[in-house]
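A.B. asks: Take a look at this one; I'll ask things after.
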Amino acid sequence: MAILEREEWYDLTRTTNWTTKFVTEEEFYPDEMSGHRGIPAEAWETYDEPYKVTYAEYVATQREKDAGVYSVKAALERDAFVDRADPGWVSTMIAHYGAIALAEYAASIAEAKMARFAKAPGNRNMAVFGMMDENRHGQIQLFYPHANVKRNRQWDWAHKAYHTNEWAAIAARSLFDDIMMTRDAVATSIMLTFAFETGFTNMQFLGLAADAAETGDHTFASLISSIQTDESRHAQQGAPSLKILIANGKKEEAQNLIDTAIWRAWKLFTALTGPILDYYTPLESRKESFKEFMLEWIVAQFERQLLDLGLDKPWYWDQFISDLDETHHGMHLGIWFWRPTVWWDPAAGVTPNEREWLEEKYPGWNNTWGECWDVIVDNLQNGKPELTGPETLPTICNMCQLPIVGTPGQGWNVKDHQLEHNGRLYHFGSEVDMKIFQMDPERYQNHMSFIDRFLAGEIQPMDLGGGLKYMGLSPGEMGDDAHGYSWLEAYSTKKSDDAA
Amino acid sequence: MALFPIHSNFERDFVIQLVPVDTDDTMDQVAEKCAYHSINRRVKEQPSKTLRVRHHENGTIFPRDMKVSEAGLRPTETLDILFMEN
């Protein structure tokens with residue numbers, strides 16, 4: 001029997017659809033799972049994914065990719081890069097694995113939902129590959145840090161973080177639950193793949209890969225570059241869904257899904273990627289600032305893609321652009337100040353040279369965040385470390401689940417957006433966070449932020465010790481300054497240089 | 001007399017913080033309790049200035065001797081703490 005050429009069968013198989021006999025089409029594809037929104041099956045059959053691959057091709061390519069990254073790992077294992085890497089970079093890896101590994105595994109379930117319930121056959125086909133991609137990403141990003149558990153228990157948080165009530169883990173779960181675990185297949189294809197993966201995984205995986213290569217961490221660079229090749233393929237599931245929604249009169253709904261997902265992803269990245277790129281990565285290894293990466297990989301890309309699809313820029317775009325200069329500096333300062341509450345050791349990243357770089361990239365930094373750091377540096381230099389740690393909790397946003405921050409010092413603009421809803425007072429870190437809540441209050445109203453849990457008496461005793469216990473952080477896991485405060489020496493040197 | 005949680009938005013600080021106060025506290029005492037978590041931690045002292053408490057949303061400056069119980073505040077409401085001339 002002759003084997004058919006690929007082009008003779010591929011289009012037929014990728015558009016093959018089910019004709020149900022024992023159940024109705026609605027029972028087979030319930031709207032709450034498929035998200036067909038009343039759009040007929042024929043319309044969904046026009047779904048045209050831009051990247052087409054057969055199972056055999058997929059397996060062959062993935063095998064090559066795995067062989068590549070695992071061989072780099074094996075070859076460099078004896079090199080023990082981790083033992084000589086800058087502590088700021090080690091923190092970067094520990095933070096990354098904890099925040100990402102299990103989210104990848106959860107993404108595999110989200111892809112499985114599209115593989116089963118998407119009404120578009122092409123989407124189901126592509127999501128099968130996406131499901132296997134994410135399974136690979138979950139496994140490989142657990143395997144790599146596992147090799148370092150012998151060095152430090154914080155590495156174990158690659159597996160542990162999402163199983164705890166650590167505040168950053170709550171924030172990450174809140175985002176991923178919202179955009180991929182609790183949405184229908186169509187919304188998942190838009191919020192997870194179009195909004196989150198197209199732009200934001202570029203930031204985490206390409207931005208970080210660039211810095212990793214500069215740092216000399218070729219194992220991590222090859223790992224996350226390899227992951228990104230999968231992401232850039234399966235991220236293409238959202239755009240064809242958007243085209244179908246727009247063509248069938250659902251533009252406004254599509255726009256809302258995008259607006260919500262982009263904002264929520266942005267907020268999480270201000271706490272995760274912003275500090276890493278602008279503070280943890282050693283100065284000499286920084287390729288670009290967080291803002292520069294954002295402008296290149298997110299802003300330019302989304303603006304082009306949204307307009308190409310006939311969609312609009314999110315309504316908050318001006319606010320978003322202006323926040324590129326601000327929010328992540330506050331998140332970083334908060335994470336460093338509340339450092340016992342995270343599973344990695346945050347690098348302060350504020351030596352005089354680093355501050356010069358920050359001032360150059362973010363004019364005005366020294367008169368704003370720099371003022372807060374001045375007080376911290378004074379306290380550390382004058383033997384008052386107890387004043388550089390927390391004695392209470394930061395106010396947490398009821399949408400992004402992150403601290404409510406703003407610009408301090410001479411540009412002070414911190415604002416809490418408060419909303420009373422059904423007798424409960426909610427707090428939001430921005431107008432956008434509040435609007436997202438107001439668009440669908442039933443979806444979000446019952447979630448308890450870390451502060452809500454604290455005030456409800458769920459955290460006992462009601463002090464820092466009780467909070468750390470609630471978060472699952474034990475001694476040896478809770479964060480401290482990545483460099484053991486050795487960066488202060490640069491201030492003493494500067495003082496003597498200035499005096500001379 | 002009862003514990004009353006408020007959120008402190010302290011002038012020149014970068015973050016809002018949870019601060020437990022008492023319904024019998026005056027606004028000066030509220031300002032002092034909030035200052036404990038900001039001044040000399042991330043905000044420089046301004047000895048010549050007085051700390052005053054302001055309603056976060058409508059901008060009303062509360063009288064210094066007004067008690068929390070008299071201010072019509074909702075539990076967990078955010079208050080601005082400002083450096084002022086008096």
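Going through the structure tokens in order, the chains are called A, B, and so on, while each chain numbers its residues from 1 and the ligands are numbered from 1 in the order shown.
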May I have the residues within 10 Å of stretch 452-467 of chain A as JSON, numbers by chain, using only C-alpha atoms and disregarding those fewer than 5 positions away in the same chain?

C.D. replies: {"A": [165, 166, 167, 340, 341, 390, 391, 392, 393, 395, 396, 398, 426, 447, 472, 473, 474], "B": [5, 18, 76]}

A.B. asks: Find the residues of chain A in contact range of chain B, meaning any atom within 7 Å when counting only C-alpha atoms, and list them as a list of chain:residue names.

C.D. replies: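 Taking only C-alpha atoms into account, A:Gly330, A:Cys372, A:Trp373, A:Val375, A:Ile376, A:Leu387, A:Thr388, A:Thr392, A:Leu393, A:Pro394, A:Thr395, A:Ile404, A:Val405, A:Gly406, A:Thr407, A:Pro408, A:Gly409, A:Gln410, A:Trp412, A:Val414 sit within 7 Å of chain B.
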
A.B. asks: Could you pull the residues within 8 Å of stretch 137-147 of chain A, counting only C-alpha atoms, minus those fewer than 6 positions along the same chain, as a PyMOL selection string?

C.D. replies: chain A and resi 94+97+100-105+155-156+158-159+227

A.B. asks: Please, could you write that set of residues out with C-alpha atoms as a CSV table (one decimal), in the first residue's frame?

C.D. replies:
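Output (out-v5.csv):
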chain,number,residue,atom,x,y,z
A,94,ILE,CA,15.2,29.8,42.1
A,97,TYR,CA,11.5,27.6,38.7
A,100,ILE,CA,6.9,28.7,36.5
A,101,ALA,CA,7.4,24.9,36.7
A,102,LEU,CA,4.0,23.9,38.1
A,103,ALA,CA,2.2,26.6,36.1
A,104,GLU,CA,3.5,24.8,33.0
A,105,TYR,CA,2.1,21.6,34.3
A,155,TRP,CA,15.5,24.9,45.0
A,156,ASP,CA,12.8,22.5,46.2
A,158,ALA,CA,10.2,24.5,42.1
A,159,HIS,CA,7.8,21.8,43.2
A,227,ILE,CA,10.9,25.9,25.9

A.B. asks: What's the 10 Å shell around A:Lys313, counting only C-alpha atoms, without same-chain residues fewer than 6 positions away, as a PyMOL selection string?

C.D. replies: chain A and resi 255+258-259+299+302-307

A.B. asks: Let me make sure I understand: among B:Val21, B:Ile61, B:Met27, B:Val53, which one has the smallest atom-to-atom distance to B:Met1 if we use only C-alpha atoms?

C.D. replies: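 Among the listed residues, the smallest separation from B:Met1 belongs to B:Val21.
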
A.B. asks: Skipping near chain neighbours, those fewer than 3 positions away, what residues fall within 7 Å of B:Leu51 using only C-alpha atoms, listed as a PyMOL selection string?

C.D. replies: chain B and resi 31+81-84

A.B. asks: Create the file for the chosen residues now, containing N, CA and C atoms and written as a PDB file, in the first residue's frame.

C.D. replies:
ATOM      1  N   ALA B  31      -1.575  58.385  63.476  1.00  0.00           N
ATOM      2  CA  ALA B  31      -0.404  58.801  62.681  1.00  0.00           C
ATOM      3  C   ALA B  31       0.879  58.205  63.261  1.00  0.00           C
ATOM      4  N   ILE B  81      -1.281  59.485  55.504  1.00  0.00           N
ATOM      5  CA  ILE B  81      -0.583  60.122  56.617  1.00  0.00           C
ATOM      6  C   ILE B  81       0.407  61.110  55.996  1.00  0.00           C
ATOM      7  N   LEU B  82       0.209  62.385  56.330  1.00  0.00           N
ATOM      8  CA  LEU B  82       0.972  63.438  55.638  1.00  0.00           C
ATOM      9  C   LEU B  82       1.846  64.250  56.581  1.00  0.00           C
ATOM     10  N   PHE B  83       2.977  64.709  56.056  1.00  0.00           N
ATOM     11  CA  PHE B  83       3.801  65.676  56.774  1.00  0.00           C
ATOM     12  C   PHE B  83       3.207  67.059  56.517  1.00  0.00           C
ATOM     13  N   MET B  84       2.800  67.756  57.604  1.00  0.00           N
ATOM     14  CA  MET B  84       2.227  69.095  57.411  1.00  0.00           C
ATOM     15  C   MET B  84       2.857  70.084  58.380  1.00  0.00           C
TER      16      MET B  84
END
